[in-house]
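Structure first, commentary second.
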Amino acid sequence: MTIRIWEGQSFNDPPPEPQREAPVTRRSFLRTSSAAVGGVAALAAALSPLRDLKEDDAVSIDKFLQKHYKEMTPKEMEAALARISADVEKRYNIRPDIRDIKPMAGVEFVYALNLSRCIGCRRCVHACVNENNQSRDPEIQYIRVVEMPRGTLDLEKGNHHYNRPTVPDAGHFYMPVQCHQCANPPCVKVCPVEATWKELDGIVVIDYDWCIGCRYCEAACPYWARRFNFTKPSVPADRLNPEMSYLSNRPRPKGVMEKCHFCLHRTRQGRLPACLEACPTGARKFGNVLDPDSEVSQILRTKRVFVLKEEVGTLPRFFYYFDERYPRSLDPQAESVAKSLGHAQPPAAAPAAPQEGHR
Amino acid sequence: MIDSAPQPHRPPPATRLGLPIGAIGPLFVVVAVWLSFWSPKVEVPHAGVATVSRDRFLPGARRQPIGDPPATNVGGFSHACNECHRLFDSPPVSRRTLMQHTAIVLNHGMNNQCFNCHDRKNREKLVLHDGTLLPFSEVPRLCSQCHGTVFRDWQKGMHGKTMGSWNAASGKQHRLSCNDCHDPHAPAYQGIIPLPAPNTLRMGNQEPAAEQEHRHMPLRQWSLPEMPEPELMGPVQPGPEPTTPAKEDHQ
């Protein structure tokens, strides 16, 4: 509209003087100033989440410039460990014993779990949380114990929220699921930044400082083994495990993935995983599959072994196996279980059923 | 001049909506200012810090087996077995209720005679079927007389629990004995209280119903507490429901 006013002028008039080019009218002033205020306010609104940042949310220069685990020289690793140690000490007031523990030569780890013995007591779950400094709130747990009705391996029928006065329940068996440390890991394939990879001893590890938190690996894992830190993990200082390693149980930052790593800070030094030590029934077995006399090698040779979701081709290092059991006809639970599953009656009880029918 | 010609019957466009167009700018300002100072207070119920006492998952043996040589507590003092048993001879076969050792519950299937395992004369020894005396520390050999396949597995580490190290060559490995886990008098494993279930939704402790089965949708419990259990989610397990129609057919 202002232009039109100027169009109305005759071209024969003397050229407009510089100071007359755009007189500030009341309307144009209001328009411009409201746009400016609105823009500033919108910018402030867009930046307002920054108000929630805490002091330690900012990434330090050292951490920002830290290289990938595989590219760090020993000296750089030393500096990274010193930085992490200082961070932990500042946050928890505990000086951790943090190291970078390399795989042992001639060792490939394998886990075997006896489904005949597992009673679903969840001791392993909480021992793992305690050992690996997992977040308590929100809860992050590497192991899920799935309660399954007897007679099926359909995980759709599983329930991990079971809460019984005592376990085991007669009609169920219990199947703990954790990272299977696949030899052909889909999580490693999908990682866009190579923050997760397979180590020489078969353990799939994560560099928590390299992970960008895209959660592709979580989606790729067929065993639901990976966990994401949506918030900064909270671990009570008095429960912090000071024995740490770079690739395993050091405190994780917010926004990265984590998962079971076969307690590599223990197992690479010859010890046993925390979940195994806590198991009250000895259902968990761990060892070196390259040693033909190890417990796991004997199990793989002689027991009835299976892997979960074999058809997806992940080649897990985590095996489930069964013991021999006494004949089903002698099993006091067999009849009720068979009935509940809608199967035919077991042979011992079979003669009774037709008689009832004839009556 | 043509454009600016007055159009008397048409109201100015800004007021057509009944709202002066100049009010939109300040409205945006107000909304933006409000957004920048308003923090959403979303109440997410959560369980708080779930701590499970460490002594709930201590590594090691599940029970304290009797020592070797064995001793028992009588009147608050520890006594060797033979302090009493060398004074009293025992009948060769006895099925009477014990007057002493009342804490012992014998529930070992058909193996219900004391002297199947204990030596009648020397109560600080165990006895094999062939009469060989055995110290209490060699319990697995005694048990292996009947539980052969389990003994075979145990020797190779396929049954029972190994502590110390996964590496047999390290020398730190030791295997728990039969009676580190099983009570020899009642060897069946007793049920134990499970540790808390995962709290996947941070919604406090989920309390599944007594006849809990297969909860695919934990959200259901939180958002729709009154919703009846859908058929598909219902118990796969027994229950009287599936059997009632069958009974009616028979009658």
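Every chain in the structure tokens has a letter given in the order shown (A, B, ...), and although residue numbers restart at 1 in each chain, ligands are simply numbered from 1 in the order shown.
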Chain A contacts to chain B at 6 Å (only C-alpha atoms) as a PyMOL selection string
chain A and resi 34+38+41-42+45+48+121-123+136-137+157-159+161+165-168+270-272+277-278+282+287+295+340+357
Counting only C-alpha atoms, what is within 7 Å of A:Val296, bar same-chain residues fewer than 6 positions away, as a ChimeraX atom specification?
/A:110,112,285-287,289
Using only C-alpha atoms, which residues sit within 10 Å of A:Asp169 once same-chain residues fewer than 6 positions away are excluded, as an NGL selection string?
(:A and (119-120 or 147 or 149)) or (:B and (191))
Atomic distance atom CA of A:Lys54 - atom CA of A:Trp210, expressed in Å with one decimal
21.4 Å
Once DSSP has gone over the backbone, tell me which residues of stretch 72-221 of chain B are in helix (DSSP H, G or I), as a VMD selection string.
chain B and resid 82 to 85 114 to 116 136 to 143 148 to 155 168 to 170 178 to 181 218 to 221
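For the residues A:Val305, A:Ala220, A:Ile299, A:Met244, ranking by smallest atom-to-atom distance to A:Val88 using only C-alpha atoms places A:Met244 first.
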Just list the residues in stretch 53-270 of chain A DSSP gives strand (DSSP E or B) on the backbone, as a ChimeraX atom specification.
/A:97-99,109-114,136,139,144-149,159,167,172-177,196-198,204-206,227-228,243-245,257-258
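Shell of A:Arg304 at 8 Å, with only C-alpha atoms counted and residues fewer than 6 places along the chain excluded, is Tyr321, Phe322 and Asp323 of chain A.
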Mind dumping the selected residues with N, CA and C atoms as a PDB file, in the first residue's frame?
```pdb
ATOM      1  N   TYR A 321      20.278 -75.843  27.271  1.00  0.00           N
ATOM      2  CA  TYR A 321      20.309 -77.304  27.202  1.00  0.00           C
ATOM      3  C   TYR A 321      19.406 -77.901  28.266  1.00  0.00           C
ATOM      4  N   PHE A 322      19.165 -79.198  28.108  1.00  0.00           N
ATOM      5  CA  PHE A 322      18.301 -79.928  29.036  1.00  0.00           C
ATOM      6  C   PHE A 322      19.079 -81.075  29.658  1.00  0.00           C
ATOM      7  N   ASP A 323      18.631 -81.508  30.813  1.00  0.00           N
ATOM      8  CA  ASP A 323      19.108 -82.753  31.397  1.00  0.00           C
ATOM      9  C   ASP A 323      18.185 -83.880  30.979  1.00  0.00           C
TER      10      ASP A 323
END
```
